[in-house]
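Novice: I have a structure I would like to understand better, so I am pasting it below and will then ask my questions one at a time.
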Amino acid sequence: MLNQGGGEVLSLAVLPAPTALARLGASEKGLDPDQVEERRQRYGPNEAARAQRAGPLGEIWARAKNPLVIQLLVIATVSGLLGDARAAAVVGAMIVLSVAMGYVQEARSNRAVEKLLSLIKAACTVLRSGREEEIPLRDLVPGDIVVLAAGDIVPADLRLTAAKDFYVSQAALTGESLPVEKNSAPCAAGPSALDLPNAVFQGSNVLSGTARGVVAATGSRTFFGAISQTLAGRRAPTSFDHGLRDFTWLMIRFMAVMVAVVFLLVGLTKGSWAQALLFGLSVAVGLTPEMLPMIVTVNLSKGALAMSRKKVVVKRLNSIQNFGAMDVLCTDKTGTLTQDRIVLERHVDVTNRPSDDVLRYAYMNSYYQTGLRNLLDRAILAHGALDVERSCRKVDEIPFDFTRRRMSVVIDYEDEHVLICKGAVEEVFAACSRYQVDDEVHPLIDLLKRDLLEEYEALSADGYRVLAVAYRGFPRAQEVFSAADEAELILLGYVAFYDPPKDSAAGALEALRRTGVSVKILTGDNALVTGKVCRDVGLPIEGIVSGDRLEGLSDAGLAELAAETTVFAKLSPSQKDRIIRALQSQGHVVGFLGDGINDAPAMKTADVGISVDSAADVAKESADIVLLQKSLLVLEDGILEGRRVFGNIIKYVKMGASSNFGNMFSVVGGSWLLPFLPMAPIQILVNNLLYDFSQVGIPTDQVDEEYLEKPQRWDIGRIKKFMLWIGPMSSIFDYATFFLMLYGYRCVEFTRAGLAPGVKAGYEQLFHTGWFVESLLTQTMIVHIIRTNRIPFLQSRPSPGLALTTLAVMAAAVCLPYSALAPYLGLVPLPGSYWLWLLAMLLAYSVLTHAMKTCFIKRYGAD
């Protein structure tokens, strides 16, 4: 469980302010220099833990520890030790390029995000030795007296010792968008420190009023710090990481078995174990998808570049694919779906009908008050400008206090002095003896109070923050008023406020539904407010569960509950994190969209963490992806880009796995049946290098529209089946080529006794050349069949880049036997009739492989 912090404040909340000061060894004049130095030594700097980033060497080392990279390093090293410098150089260059590209791209993204991160305000005002002074935030110590005013960010966890008209926003900590009133009076300790009315917490910001407070906790001992500590550990592997690891080990196991078989066959049948080792090493290179790190990195980098054009910073490249694989998006409410600002939505009479009188009286109350206006007052004044100066003048004011929880102004209006009162509904109700509907005033008898309160409760149940408005007329002779005059009032109606949804929220949620992503709301706000937002943005609600119901629930029970519930309200950070894990345990790829400090642990746990432009700094730091623009519609762009990226990666995986599987069947059979090696080691390496080059254009390739319609993720079982279905197709034509070269072009004469060594070598080279060309052309041709579920070229065309690389490789395959490089590669010119046979085999191979692909899709479904 996550340490929630705030324990120090809880113990002080029940004490009067002087006693709390004494408990901390502080005074109203603040600490003296000796006390400050002693506490700085004892408690350390006021800094929260941050995730430690490895340096350049650490980043490179982390990438080099990938099993596939290690495998390539081993092959390159052994190649070098055996004197095959060409193979070692080729494989080594691929490793360096792949690791370097990934490091450079991710480092560039991290630098962009660092510019966004400004953490908490760098300085704060404290009282020390009786004098106010501004100090760096990190120098704050427990016992310091902090002076707060509107606009300040709370620098530590404080127990308030004095407050006037003091309102703070705790949205970053709790998800509650409405302002919270704070005072300095002692109170009973509740279940959560955040609910204490006389305490404020690091990361909150002051909306209005002034206050002083004694520092109860700094650094990692604050509520904020407890959350930050959970972010400093190593990030758990994501869905993409697991899939890539599983495929890598699949290929490593396959390679180990096949290389061992080939080594034994060649050694036993050909009698040369040194030759067997060299050939086995060449087979290992041929089986290794050495371009996979490069293809993955280039695809992810291309996706990151495409997202950057949409003002989206991709901090971790792998998160792009997770974006596309995501099938559940959990999102906070405040600041993500909503605008994180308060607006006046309704002004109604006691029967819940719109009333201009209620708006006018509420406006005059907010306009004429001289105290610091809170967010609700500003929302009233921003609703519409009324010309009140001409019709009335201010006479007096009864300020707000936390005992009455209401405030009043008195104005000269329509030949009398009118007291206009606005405040908490229960407190205003207690001061009323009548109510008004239209122009008629009626007695507010006890029998009617319950009915009138139902209208207020209906507004509250609909997610509104509600204030009551009442008034009373006085003779003009009375010029001085007090709280005692807030009696016998006439209840006029209610003003209702809420945090409106972002303009793009409804469209973004509909786009997510179209792309197969279900949405769940995980918020610290209450269920009523959350339910209203869901209705406003068109999100169907299938169950609302409050955080207190999760206490004591087993992991299995939570997983079942999470699957069938749309909205979770009043959640703590640890509960959000736990729900994410519960969904992941059911096989879901989970994204989390959040903006607050309380969202950071869940963002780190999710397969892809997303923050928005207005997010708290710690949320941006925890995110994989940061949206720099306010529109949430970019979510759909990111999901589709992730699916394009993964689609192109899977193309390479399927091509490499099926092609290598088929080729090695041919190698094993050839090694057993033929009197010579089926292909020279250098030819296997060149064949593999050229085939890999043909796929360099894959990151630029288009992806079929139907592939983008649903979440895409690693399915190793499906890859195995595809390999078993498609791989043997190439072996059929390889063995046909063996037969053609042995008997059609008499390479079988190699075994005839009495042949001169040169003639024998000629038959062997002719065989090698025939299979080299056929193998390379069929592999490259099949790229276009595997890249789409449609009919290639007719229904789905490759990108110009992929078409160019495949055509270039096919041209190289045709030209190499006649080039100046042929002698170095052991190739010889082929008879003219060979090309006719090859053309027929290419056509037959393409038709048969497409037919098998279609049968595979019918049986196992499309990707």
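Convention: chains lettered A, B, ... in structure tokens order; per-chain residue numbering from 1; ligands numbered from 1 as shown.
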Do a neighbour search on region 665-677 of chain A at 9 Å with only C-alpha atoms, toss out local chain neighbours closer than 6 positions, and write the hits as a PDB file with all heavy atoms, in the first residue's frame.

Specialist:
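This went into result_27.pdb:
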```pdb
ATOM      1  N   MET A 258      17.908 -25.265 -33.968  1.00  0.00           N
ATOM      2  CA  MET A 258      18.225 -25.463 -35.383  1.00  0.00           C
ATOM      3  C   MET A 258      19.735 -25.465 -35.626  1.00  0.00           C
ATOM      4  O   MET A 258      20.252 -26.255 -36.418  1.00  0.00           O
ATOM      5  CB  MET A 258      17.548 -24.380 -36.216  1.00  0.00           C
ATOM      6  CG  MET A 258      16.037 -24.448 -36.216  1.00  0.00           C
ATOM      7  SD  MET A 258      15.392 -25.998 -36.854  1.00  0.00           S
ATOM      8  CE  MET A 258      15.801 -25.867 -38.572  1.00  0.00           C
ATOM      9  N   VAL A 261      21.178 -28.775 -34.541  1.00  0.00           N
ATOM     10  CA  VAL A 261      20.845 -29.838 -35.491  1.00  0.00           C
ATOM     11  C   VAL A 261      21.718 -29.728 -36.739  1.00  0.00           C
ATOM     12  O   VAL A 261      22.284 -30.729 -37.224  1.00  0.00           O
ATOM     13  CB  VAL A 261      19.351 -29.778 -35.859  1.00  0.00           C
ATOM     14  CG1 VAL A 261      19.049 -30.726 -37.029  1.00  0.00           C
ATOM     15  CG2 VAL A 261      18.492 -30.133 -34.657  1.00  0.00           C
ATOM     16  N   VAL A 262      21.836 -28.519 -37.287  1.00  0.00           N
ATOM     17  CA  VAL A 262      22.635 -28.320 -38.495  1.00  0.00           C
ATOM     18  C   VAL A 262      24.104 -28.645 -38.228  1.00  0.00           C
ATOM     19  O   VAL A 262      24.776 -29.296 -39.055  1.00  0.00           O
ATOM     20  CB  VAL A 262      22.479 -26.874 -39.007  1.00  0.00           C
ATOM     21  CG1 VAL A 262      23.521 -26.560 -40.089  1.00  0.00           C
ATOM     22  CG2 VAL A 262      21.077 -26.656 -39.558  1.00  0.00           C
ATOM     23  N   LEU A 265      24.464 -32.440 -38.149  1.00  0.00           N
ATOM     24  CA  LEU A 265      24.254 -33.046 -39.465  1.00  0.00           C
ATOM     25  C   LEU A 265      25.458 -32.818 -40.381  1.00  0.00           C
ATOM     26  O   LEU A 265      25.934 -33.754 -41.049  1.00  0.00           O
ATOM     27  CB  LEU A 265      22.991 -32.470 -40.112  1.00  0.00           C
ATOM     28  CG  LEU A 265      21.655 -33.035 -39.631  1.00  0.00           C
ATOM     29  CD1 LEU A 265      20.498 -32.282 -40.280  1.00  0.00           C
ATOM     30  CD2 LEU A 265      21.554 -34.521 -39.928  1.00  0.00           C
ATOM     31  N   VAL A 266      25.922 -31.572 -40.416  1.00  0.00           N
ATOM     32  CA  VAL A 266      27.051 -31.256 -41.290  1.00  0.00           C
ATOM     33  C   VAL A 266      28.303 -31.973 -40.814  1.00  0.00           C
ATOM     34  O   VAL A 266      29.073 -32.547 -41.618  1.00  0.00           O
ATOM     35  CB  VAL A 266      27.273 -29.728 -41.364  1.00  0.00           C
ATOM     36  CG1 VAL A 266      28.569 -29.404 -42.119  1.00  0.00           C
ATOM     37  CG2 VAL A 266      26.095 -29.053 -42.046  1.00  0.00           C
ATOM     38  N   THR A 269      27.835 -35.825 -41.614  1.00  0.00           N
ATOM     39  CA  THR A 269      27.728 -36.223 -43.026  1.00  0.00           C
ATOM     40  C   THR A 269      28.893 -35.738 -43.869  1.00  0.00           C
ATOM     41  O   THR A 269      29.218 -36.343 -44.890  1.00  0.00           O
ATOM     42  CB  THR A 269      26.405 -35.689 -43.630  1.00  0.00           C
ATOM     43  OG1 THR A 269      26.379 -34.262 -43.509  1.00  0.00           O
ATOM     44  CG2 THR A 269      25.199 -36.289 -42.927  1.00  0.00           C
ATOM     45  N   LYS A 270      29.487 -34.613 -43.474  1.00  0.00           N
ATOM     46  CA  LYS A 270      30.555 -34.071 -44.311  1.00  0.00           C
ATOM     47  C   LYS A 270      31.946 -34.345 -43.730  1.00  0.00           C
ATOM     48  O   LYS A 270      32.957 -34.149 -44.398  1.00  0.00           O
ATOM     49  CB  LYS A 270      30.383 -32.548 -44.482  1.00  0.00           C
ATOM     50  CG  LYS A 270      28.998 -32.129 -44.963  1.00  0.00           C
ATOM     51  CD  LYS A 270      28.626 -32.780 -46.280  1.00  0.00           C
ATOM     52  CE  LYS A 270      27.260 -32.331 -46.781  1.00  0.00           C
ATOM     53  NZ  LYS A 270      26.144 -32.848 -45.994  1.00  0.00           N
ATOM     54  N   PHE A 279      29.618 -23.196 -40.712  1.00  0.00           N
ATOM     55  CA  PHE A 279      28.303 -23.214 -41.342  1.00  0.00           C
ATOM     56  C   PHE A 279      27.201 -22.993 -40.302  1.00  0.00           C
ATOM     57  O   PHE A 279      26.235 -22.252 -40.539  1.00  0.00           O
ATOM     58  CB  PHE A 279      28.093 -24.542 -42.075  1.00  0.00           C
ATOM     59  CG  PHE A 279      26.834 -24.575 -42.896  1.00  0.00           C
ATOM     60  CD1 PHE A 279      26.711 -23.835 -44.056  1.00  0.00           C
ATOM     61  CD2 PHE A 279      25.763 -25.374 -42.496  1.00  0.00           C
ATOM     62  CE1 PHE A 279      25.556 -23.874 -44.810  1.00  0.00           C
ATOM     63  CE2 PHE A 279      24.600 -25.414 -43.251  1.00  0.00           C
ATOM     64  CZ  PHE A 279      24.499 -24.666 -44.420  1.00  0.00           C
ATOM     65  N   VAL A 283      24.334 -20.105 -40.149  1.00  0.00           N
ATOM     66  CA  VAL A 283      22.907 -20.384 -39.964  1.00  0.00           C
ATOM     67  C   VAL A 283      22.351 -19.571 -38.795  1.00  0.00           C
ATOM     68  O   VAL A 283      21.235 -19.046 -38.837  1.00  0.00           O
ATOM     69  CB  VAL A 283      22.684 -21.887 -39.744  1.00  0.00           C
ATOM     70  CG1 VAL A 283      21.251 -22.167 -39.286  1.00  0.00           C
ATOM     71  CG2 VAL A 283      22.983 -22.648 -41.031  1.00  0.00           C
ATOM     72  N   GLY A 727       5.725 -20.698 -43.354  1.00  0.00           N
ATOM     73  CA  GLY A 727       7.124 -21.070 -43.523  1.00  0.00           C
ATOM     74  C   GLY A 727       7.354 -22.234 -44.466  1.00  0.00           C
ATOM     75  O   GLY A 727       8.190 -22.157 -45.383  1.00  0.00           O
ATOM     76  N   PRO A 728       6.630 -23.342 -44.301  1.00  0.00           N
ATOM     77  CA  PRO A 728       6.873 -24.495 -45.185  1.00  0.00           C
ATOM     78  C   PRO A 728       6.611 -24.224 -46.666  1.00  0.00           C
ATOM     79  O   PRO A 728       7.083 -24.996 -47.514  1.00  0.00           O
ATOM     80  CB  PRO A 728       5.896 -25.554 -44.637  1.00  0.00           C
ATOM     81  CG  PRO A 728       5.717 -25.185 -43.199  1.00  0.00           C
ATOM     82  CD  PRO A 728       5.730 -23.702 -43.184  1.00  0.00           C
ATOM     83  N   SER A 730       7.826 -21.889 -48.470  1.00  0.00           N
ATOM     84  CA  SER A 730       9.100 -21.604 -49.126  1.00  0.00           C
ATOM     85  C   SER A 730       9.940 -22.867 -49.260  1.00  0.00           C
ATOM     86  O   SER A 730      10.685 -23.039 -50.239  1.00  0.00           O
ATOM     87  CB  SER A 730       9.874 -20.534 -48.350  1.00  0.00           C
ATOM     88  OG  SER A 730      10.257 -21.018 -47.075  1.00  0.00           O
ATOM     89  N   SER A 731       9.806 -23.782 -48.277  1.00  0.00           N
ATOM     90  CA  SER A 731      10.580 -25.028 -48.354  1.00  0.00           C
ATOM     91  C   SER A 731      10.161 -25.864 -49.561  1.00  0.00           C
ATOM     92  O   SER A 731      10.997 -26.544 -50.177  1.00  0.00           O
ATOM     93  CB  SER A 731      10.394 -25.834 -47.067  1.00  0.00           C
ATOM     94  OG  SER A 731      10.972 -25.165 -45.970  1.00  0.00           O
ATOM     95  N   ILE A 732       8.880 -25.845 -49.900  1.00  0.00           N
ATOM     96  CA  ILE A 732       8.409 -26.592 -51.075  1.00  0.00           C
ATOM     97  C   ILE A 732       9.177 -26.164 -52.316  1.00  0.00           C
ATOM     98  O   ILE A 732       9.664 -27.002 -53.104  1.00  0.00           O
ATOM     99  CB  ILE A 732       6.895 -26.388 -51.271  1.00  0.00           C
ATOM    100  CG1 ILE A 732       6.120 -27.035 -50.116  1.00  0.00           C
ATOM    101  CG2 ILE A 732       6.442 -26.940 -52.623  1.00  0.00           C
ATOM    102  CD1 ILE A 732       4.626 -26.741 -50.133  1.00  0.00           C
ATOM    103  N   ASP A 734      11.999 -24.422 -52.338  1.00  0.00           N
ATOM    104  CA  ASP A 734      13.434 -24.658 -52.164  1.00  0.00           C
ATOM    105  C   ASP A 734      13.799 -26.068 -52.617  1.00  0.00           C
ATOM    106  O   ASP A 734      14.789 -26.278 -53.337  1.00  0.00           O
ATOM    107  CB  ASP A 734      13.835 -24.471 -50.693  1.00  0.00           C
ATOM    108  CG  ASP A 734      13.865 -23.011 -50.271  1.00  0.00           C
ATOM    109  OD1 ASP A 734      13.944 -22.145 -51.170  1.00  0.00           O
ATOM    110  OD2 ASP A 734      13.809 -22.736 -49.062  1.00  0.00           O
ATOM    111  N   TYR A 735      12.982 -27.044 -52.199  1.00  0.00           N
ATOM    112  CA  TYR A 735      13.266 -28.424 -52.599  1.00  0.00           C
ATOM    113  C   TYR A 735      13.040 -28.613 -54.101  1.00  0.00           C
ATOM    114  O   TYR A 735      13.745 -29.423 -54.750  1.00  0.00           O
ATOM    115  CB  TYR A 735      12.418 -29.408 -51.798  1.00  0.00           C
ATOM    116  CG  TYR A 735      12.941 -29.625 -50.402  1.00  0.00           C
ATOM    117  CD1 TYR A 735      12.277 -29.129 -49.288  1.00  0.00           C
ATOM    118  CD2 TYR A 735      14.121 -30.343 -50.198  1.00  0.00           C
ATOM    119  CE1 TYR A 735      12.763 -29.316 -48.006  1.00  0.00           C
ATOM    120  CE2 TYR A 735      14.614 -30.548 -48.914  1.00  0.00           C
ATOM    121  CZ  TYR A 735      13.937 -30.030 -47.822  1.00  0.00           C
ATOM    122  OH  TYR A 735      14.445 -30.220 -46.553  1.00  0.00           O
ATOM    123  N   PHE A 738      16.193 -27.473 -55.467  1.00  0.00           N
ATOM    124  CA  PHE A 738      17.198 -28.516 -55.298  1.00  0.00           C
ATOM    125  C   PHE A 738      17.086 -29.555 -56.430  1.00  0.00           C
ATOM    126  O   PHE A 738      18.091 -29.952 -57.046  1.00  0.00           O
ATOM    127  CB  PHE A 738      17.015 -29.242 -53.959  1.00  0.00           C
ATOM    128  CG  PHE A 738      17.351 -28.430 -52.741  1.00  0.00           C
ATOM    129  CD1 PHE A 738      17.118 -28.934 -51.460  1.00  0.00           C
ATOM    130  CD2 PHE A 738      17.902 -27.153 -52.848  1.00  0.00           C
ATOM    131  CE1 PHE A 738      17.422 -28.203 -50.336  1.00  0.00           C
ATOM    132  CE2 PHE A 738      18.223 -26.421 -51.719  1.00  0.00           C
ATOM    133  CZ  PHE A 738      17.967 -26.938 -50.461  1.00  0.00           C
ATOM    134  N   VAL A 748      24.021 -33.181 -59.783  1.00  0.00           N
ATOM    135  CA  VAL A 748      24.203 -34.468 -59.132  1.00  0.00           C
ATOM    136  C   VAL A 748      25.470 -35.164 -59.614  1.00  0.00           C
ATOM    137  O   VAL A 748      25.985 -36.087 -58.985  1.00  0.00           O
ATOM    138  CB  VAL A 748      22.958 -35.355 -59.366  1.00  0.00           C
ATOM    139  CG1 VAL A 748      22.904 -35.851 -60.810  1.00  0.00           C
ATOM    140  CG2 VAL A 748      22.928 -36.529 -58.386  1.00  0.00           C
ATOM    141  N   PHE A 750      28.212 -34.208 -59.350  1.00  0.00           N
ATOM    142  CA  PHE A 750      29.250 -33.942 -58.345  1.00  0.00           C
ATOM    143  C   PHE A 750      29.734 -35.237 -57.697  1.00  0.00           C
ATOM    144  O   PHE A 750      30.899 -35.375 -57.327  1.00  0.00           O
ATOM    145  CB  PHE A 750      28.691 -32.981 -57.287  1.00  0.00           C
ATOM    146  CG  PHE A 750      29.630 -32.690 -56.158  1.00  0.00           C
ATOM    147  CD1 PHE A 750      30.500 -31.616 -56.226  1.00  0.00           C
ATOM    148  CD2 PHE A 750      29.647 -33.485 -55.010  1.00  0.00           C
ATOM    149  CE1 PHE A 750      31.363 -31.350 -55.186  1.00  0.00           C
ATOM    150  CE2 PHE A 750      30.512 -33.216 -53.968  1.00  0.00           C
ATOM    151  CZ  PHE A 750      31.373 -32.134 -54.058  1.00  0.00           C
ATOM    152  N   THR A 751      28.832 -36.185 -57.593  1.00  0.00           N
ATOM    153  CA  THR A 751      29.165 -37.428 -56.875  1.00  0.00           C
ATOM    154  C   THR A 751      29.836 -38.473 -57.768  1.00  0.00           C
ATOM    155  O   THR A 751      30.268 -39.519 -57.268  1.00  0.00           O
ATOM    156  CB  THR A 751      27.876 -38.023 -56.276  1.00  0.00           C
ATOM    157  OG1 THR A 751      26.961 -38.316 -57.344  1.00  0.00           O
ATOM    158  CG2 THR A 751      27.240 -37.071 -55.291  1.00  0.00           C
ATOM    159  N   GLU A 764      29.074 -27.610 -57.729  1.00  0.00           N
ATOM    160  CA  GLU A 764      28.699 -27.114 -56.395  1.00  0.00           C
ATOM    161  C   GLU A 764      28.356 -25.635 -56.443  1.00  0.00           C
ATOM    162  O   GLU A 764      27.352 -25.188 -55.869  1.00  0.00           O
ATOM    163  CB  GLU A 764      29.855 -27.358 -55.412  1.00  0.00           C
ATOM    164  CG  GLU A 764      29.527 -26.965 -53.974  1.00  0.00           C
ATOM    165  CD  GLU A 764      30.662 -27.274 -53.015  1.00  0.00           C
ATOM    166  OE1 GLU A 764      31.733 -27.729 -53.470  1.00  0.00           O
ATOM    167  OE2 GLU A 764      30.473 -27.058 -51.801  1.00  0.00           O
ATOM    168  N   HIS A 768      24.821 -23.832 -55.610  1.00  0.00           N
ATOM    169  CA  HIS A 768      24.754 -22.748 -54.623  1.00  0.00           C
ATOM    170  C   HIS A 768      24.124 -21.496 -55.227  1.00  0.00           C
ATOM    171  O   HIS A 768      23.277 -20.825 -54.604  1.00  0.00           O
ATOM    172  CB  HIS A 768      26.161 -22.418 -54.113  1.00  0.00           C
ATOM    173  CG  HIS A 768      26.718 -23.448 -53.204  1.00  0.00           C
ATOM    174  ND1 HIS A 768      28.039 -23.469 -52.818  1.00  0.00           N
ATOM    175  CD2 HIS A 768      26.145 -24.511 -52.586  1.00  0.00           C
ATOM    176  CE1 HIS A 768      28.255 -24.480 -52.002  1.00  0.00           C
ATOM    177  NE2 HIS A 768      27.126 -25.141 -51.854  1.00  0.00           N
TER     178      HIS A 768
END
```

Novice: Counting only C-alpha atoms, which residues of region 641-756 of chain A sit at most 9 Å from some atom of region 832-841 of chain A, and what is each one's closest atom pair with its distance in Å to one decimal, listed by chain and rising residue number, as a tab-separated table?

Specialist:
```
residue	atom	partner	partner_atom	distance
A:Phe733	CA	A:Met841	CA	6.9
A:Ala736	CA	A:Met841	CA	8.6
A:Thr737	CA	A:Leu838	CA	8.4
A:Leu740	CA	A:Trp837	CA	8.7
A:Met741	CA	A:Tyr834	CA	9.0
A:Tyr745	CA	A:Tyr834	CA	8.9
```

Novice: Can you pull out the residues contacting region 705-708 of chain A? Cut-off 9 Å, using only C-alpha atoms, and skip same-chain residues under 2 positions away; I want them as an MDAnalysis selection string.

Specialist: chainID A and resid 324 515 639:641 643:644 647 703 710:712 862:863

Novice: Could you dump the residues just selected with N, CA and C atoms as an mmCIF file, in the first residue's frame?

Specialist:
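Below is the file that was written, selection30.cif:
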```cif
data_model
loop_
_atom_site.group_PDB
_atom_site.id
_atom_site.type_symbol
_atom_site.label_atom_id
_atom_site.label_comp_id
_atom_site.auth_asym_id
_atom_site.auth_seq_id
_atom_site.Cartn_x
_atom_site.Cartn_y
_atom_site.Cartn_z
ATOM 1 N N GLY A 324 -1.282 2.087 -29.000
ATOM 2 C CA GLY A 324 -2.091 1.378 -29.982
ATOM 3 C C GLY A 324 -2.689 0.096 -29.450
ATOM 4 N N THR A 515 -12.641 3.216 -31.787
ATOM 5 C CA THR A 515 -11.377 2.500 -31.972
ATOM 6 C C THR A 515 -11.238 1.309 -31.020
ATOM 7 N N ILE A 639 -3.524 6.808 -30.707
ATOM 8 C CA ILE A 639 -3.882 5.386 -30.756
ATOM 9 C C ILE A 639 -3.663 4.829 -32.162
ATOM 10 N N LEU A 640 -4.131 5.557 -33.168
ATOM 11 C CA LEU A 640 -3.971 5.093 -34.546
ATOM 12 C C LEU A 640 -2.502 5.049 -34.943
ATOM 13 N N GLU A 641 -1.721 6.031 -34.498
ATOM 14 C CA GLU A 641 -0.295 6.027 -34.802
ATOM 15 C C GLU A 641 0.384 4.825 -34.136
ATOM 16 N N ARG A 643 -0.979 1.979 -33.512
ATOM 17 C CA ARG A 643 -1.349 0.768 -34.256
ATOM 18 C C ARG A 643 -0.602 0.678 -35.580
ATOM 19 N N ARG A 644 -0.353 1.813 -36.207
ATOM 20 C CA ARG A 644 0.462 1.797 -37.434
ATOM 21 C C ARG A 644 1.882 1.326 -37.117
ATOM 22 N N GLY A 647 1.760 -2.339 -36.351
ATOM 23 C CA GLY A 647 1.468 -3.085 -37.570
ATOM 24 C C GLY A 647 2.710 -3.298 -38.408
ATOM 25 N N VAL A 703 -0.518 1.029 -43.562
ATOM 26 C CA VAL A 703 -1.184 -0.043 -42.831
ATOM 27 C C VAL A 703 -2.652 -0.032 -43.237
ATOM 28 N N LYS A 710 -9.156 -1.826 -34.248
ATOM 29 C CA LYS A 710 -9.219 -2.438 -32.917
ATOM 30 C C LYS A 710 -7.829 -2.447 -32.292
ATOM 31 N N PRO A 711 -7.750 -2.573 -30.974
ATOM 32 C CA PRO A 711 -6.443 -2.604 -30.311
ATOM 33 C C PRO A 711 -5.588 -3.750 -30.834
ATOM 34 N N GLN A 712 -4.293 -3.486 -30.974
ATOM 35 C CA GLN A 712 -3.364 -4.487 -31.483
ATOM 36 C C GLN A 712 -2.271 -4.729 -30.438
ATOM 37 N N ALA A 862 -8.592 -12.235 -38.748
ATOM 38 C CA ALA A 862 -7.622 -11.221 -39.172
ATOM 39 C C ALA A 862 -6.984 -10.585 -37.951
ATOM 40 N N ASP A 863 -5.809 -10.008 -38.165
ATOM 41 C CA ASP A 863 -5.130 -9.281 -37.087
ATOM 42 C C ASP A 863 -6.016 -8.147 -36.604
#
```

Novice: Write out as a PyMOL selection string all residues of region 319-436 of chain A that backbone DSSP assigns to helix (DSSP H, G or I).

Specialist: chain A and resi 319-325+356-368+375-383+425-430

Novice: Give me the residues near region 552-563 of chain A as a list in words, where near means some atom within 7 Å (using only C-alpha atoms) and where sequence neighbours in that chain fewer than 5 positions away do not count.

Specialist: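 Selected residues are Ile579, Ala582 and Leu583 of chain A.
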
Novice: Can you spit out the residues from that selection as a tab-separated table (two decimals), in the first residue's frame, using N, CA, C and O atoms?

Specialist:
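Once everything was written out, this is selection-v6.tsv:
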```
chain	number	residue	atom	x	y	z
A	579	ILE	N	-6.39	-0.45	-8.91
A	579	ILE	CA	-7.37	-0.75	-9.96
A	579	ILE	C	-6.68	-0.98	-11.30
A	579	ILE	O	-7.04	-1.88	-12.07
A	582	ALA	N	-5.32	-4.41	-11.23
A	582	ALA	CA	-6.40	-5.40	-11.34
A	582	ALA	C	-6.82	-5.59	-12.79
A	582	ALA	O	-7.05	-6.71	-13.25
A	583	LEU	N	-6.93	-4.50	-13.53
A	583	LEU	CA	-7.29	-4.59	-14.95
A	583	LEU	C	-6.18	-5.27	-15.75
A	583	LEU	O	-6.45	-6.08	-16.64
```

Novice: Between A:Val215, A:Met294, A:Ala606, A:Cys124, which residue has the minimum interatomic distance to Ala93 (chain A), considering only C-alpha atoms?

Specialist: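 Among A:Val215, A:Met294, A:Ala606, A:Cys124, it is A:Met294 that comes nearest to Ala93 (chain A).
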
Novice: Near Gln339 (chain A), counting only C-alpha atoms, which residues have an atom at most 9 Å away, once you skip same-chain residues fewer than 3 positions from it, shown as JSON, numbers by chain?

Specialist: {"A": [334, 335, 336, 342, 499, 500, 501, 502, 503]}
